[in-house]
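Asker: If you scroll down you'll find the structure; I have some questions about it.
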Amino acid sequence: MTKTFTFIALLVLAIYLVLGIILYIKQRSFVFITPPETQDSQLDSFRFASDDAVLKIWRLNTGNDNAIIYFGGNAEDPWYNHEAFEAIFPNHTVYLVNYRGYGGSTGAPSETGLYSDALQIFDSLQNTHDEISIIGRSLGSALATRVAATRDVARVALITPFDSLEQIAKGQYPFYPIKLMLKDKFPSIKNAANIKAPTLIIMAEDDNVVPKKNTERLIAEFGPIQLEIETIKAVNHNTIARDLRYTDLLRSFIF
């Protein structure tokens with residue numbers, strides 16, 4: 001009986017360690033699901049050099065004084081937003097960012113790299129536009145909060161945002177020392193208090209990726225006067241952008 005128990009315990013430990021090693025080695029492939037490059041000869045795009053990467057950025061409604069920078073989700077091809085954003089933001093030039101390693105951009109994605117790229121893009125566009133608003137969805141909300149906390153932005157819209165990737169991962173893998181294992185933590189909660197611009201948070205009622213408690217922790221760090229909070233009913237993390245309420249909220253907030 002003792003030998004059997006010892007064998008089972010060692011087997012469970014071995015499985016735990018092997019899965020932990022796989023999780024550690026493969027973690028960036030879970031965080032950054034990189035879509036291939038979209039070919040569209042009709043839509044304006046340009047290349048932006050940032051540190052050790054060259055980013056492909058789609059540009060909509062060229063020539064407006066005001067601008068919007070859009071940072072998408074972890075597996076999102078930002079190109080898919082072009083029809084909606086062209087229509088709802090006719091008075092803004094919109095920049096859809098392909099992260100490093102995503103959709104025609106070179107380099108490999110990481111927290112440090114994406115933060116640096118986002119800030120450099122904003123700084124470059126400041127010379128071209130009177131004011132810039134930021135939209136960040138899911139993973140992109142972490143970049144949006146970093147830019148908004150350190151730069152003078154006009155407005156900030158955060159779609160299905162989270163407090164930190166570390167807290168999300170702890171909920172998904174409670175038996176592992178995530179704080180020690182995780183390479184990219186994206187602590188939006190540390191940036192929220194420094195954001196002074198009017199901010200809209202859009203939540204999905206049936207979000208199956210970002211638990212409500214993780215968004216609420218982020219919300220608690222904002223000043224209440226600057227914040228608008230909206231929940232779209234009967235949508236989840238991936239279907240929220242298909243709802244007409246989603247585009248209506250963005251249109252009325254960034255005008």
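In the structure tokens, each chain is lettered A, B, ... as it comes, each chain's residues begin at 1, and ligands are numbered from 1 in order of appearance.
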Excluding region 165-173 of chain A and its own-chain neighbours fewer than 5 positions away, which residues fall within 10 Å of it when counting only C-alpha atoms? Please give them as an NGL selection string.
Answerer: :A and (20 or 23 or 31 or 139 or 142 or 178-188 or 209-211 or 213-214)
Asker: As a PyMOL selection string, please: the residues near Ala108 (chain A) (cut-off 9 Å, only C-alpha atoms, same-chain neighbours under 5 positions excluded).
Answerer: chain A and resi 53+99-102+113
Asker: So the first atom is CA of Ile21 (chain A) and the second is CA of Pro177 (chain A); what is the distance between them in Å, to one decimal place?
Answerer: 11.8 Å
Asker: Using backbone DSSP assignments, extract all strand (DSSP E or B) residues from region 77-186 of chain A; output them as a PyMOL selection string.
Answerer: chain A and resi 92-97+131-137+156-159
Asker: Keeping only C-alpha atoms, write the selected residues to a file as an mmCIF file, in the first residue's frame.
Answerer:
```cif
data_model
loop_
_atom_site.group_PDB
_atom_site.id
_atom_site.type_symbol
_atom_site.label_atom_id
_atom_site.label_comp_id
_atom_site.auth_asym_id
_atom_site.auth_seq_id
_atom_site.Cartn_x
_atom_site.Cartn_y
_atom_site.Cartn_z
ATOM 1 C CA HIS A 92 -10.500 60.868 -37.244
ATOM 2 C CA THR A 93 -7.560 59.278 -38.939
ATOM 3 C CA VAL A 94 -7.441 55.767 -37.477
ATOM 4 C CA TYR A 95 -4.296 53.688 -37.062
ATOM 5 C CA LEU A 96 -4.727 49.908 -36.700
ATOM 6 C CA VAL A 97 -1.534 48.470 -35.249
ATOM 7 C CA GLU A 131 -5.057 65.231 -30.495
ATOM 8 C CA ILE A 132 -4.985 61.441 -30.271
ATOM 9 C CA SER A 133 -7.452 59.076 -28.633
ATOM 10 C CA ILE A 134 -6.649 55.453 -27.801
ATOM 11 C CA ILE A 135 -8.785 52.321 -28.133
ATOM 12 C CA GLY A 136 -7.505 49.071 -26.626
ATOM 13 C CA ARG A 137 -9.246 45.727 -26.703
ATOM 14 C CA VAL A 156 -9.340 56.287 -23.823
ATOM 15 C CA ALA A 157 -11.706 53.407 -24.632
ATOM 16 C CA LEU A 158 -10.934 50.046 -23.033
ATOM 17 C CA ILE A 159 -12.806 46.988 -24.295
#
```
Asker: How would you write, as a PyMOL selection string, the set of residues in region 12-213 of chain A that DSSP gives as alpha helix (DSSP H)?
Answerer: chain A and resi 12-31+82-88+111-126+139-150+165-172+178-181+212-213
Asker: Contacts of Asp77 (chain A) at 10 Å or less, counting only C-alpha atoms, minus same-chain residues fewer than 2 places along, as a PyMOL selection string?
Answerer: chain A and resi 34-38+72-75+79-81+96-99+102-103
Asker: Quick one, how far is CA of Ser116 (chain A) from CA of Val147 (chain A)?
Answerer: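 Between these atoms lies a distance of 9.6 Å.
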Asker: When you draw a straight line from CA of Ile25 (chain A) to CA of Phe175 (chain A), how long is it in Å?
Answerer: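 A separation of 16.9 Å between them.
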Asker: Using only C-alpha atoms, find the one residue out of A:Ala144, A:Leu55, A:Leu125, A:Ile232 that sits nearest to Asp206 (chain A).
Answerer: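 Under the stated criterion, the closest residue is A:Ile232.
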Asker: Nearest residue to Pro109 (chain A) out of A:Asn191, A:Thr2, A:Thr231, A:Gln27, using only C-alpha atoms?
Answerer: A:Gln27
Asker: Which of these residues is nearest to Ser105 (chain A), using only C-alpha atoms: A:Ala197, A:Met203, A:Ala14, A:Ile57?
Answerer: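 The answer is A:Ile57, which sits nearest to Ser105 (chain A).
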Asker: Quick one: residues within 7 Å of Ala204 (chain A), only C-alpha atoms, excluding same-chain residues fewer than 2 positions away - as a list in words?
Answerer: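 Surrounding residues, per the criterion: Thr160, Ile202, Asp206, Asp207, Thr231, Ile232, Lys233, Val235, Asn236, His237 and Ile240 of chain A.
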Asker: Would you put the residues from that selection into a file with C-alpha atoms, as a compact mmCIF listing (two decimals), in the first residue's frame?
Answerer:
```
# COMPACT_ATOMS: atom_id res chain seq x y z
CA THR A 160 -12.89 43.88 -22.06
CA ILE A 202 -16.90 48.36 -22.25
CA ASP A 206 -20.80 36.78 -20.79
CA ASP A 207 -17.04 37.32 -21.00
CA THR A 231 -21.86 46.36 -20.19
CA ILE A 232 -23.13 44.89 -23.43
CA LYS A 233 -25.61 42.12 -22.77
CA VAL A 235 -22.14 38.90 -25.85
CA ASN A 236 -18.87 37.27 -24.87
CA HIS A 237 -15.19 38.22 -25.13
CA ILE A 240 -18.62 41.89 -28.42
```
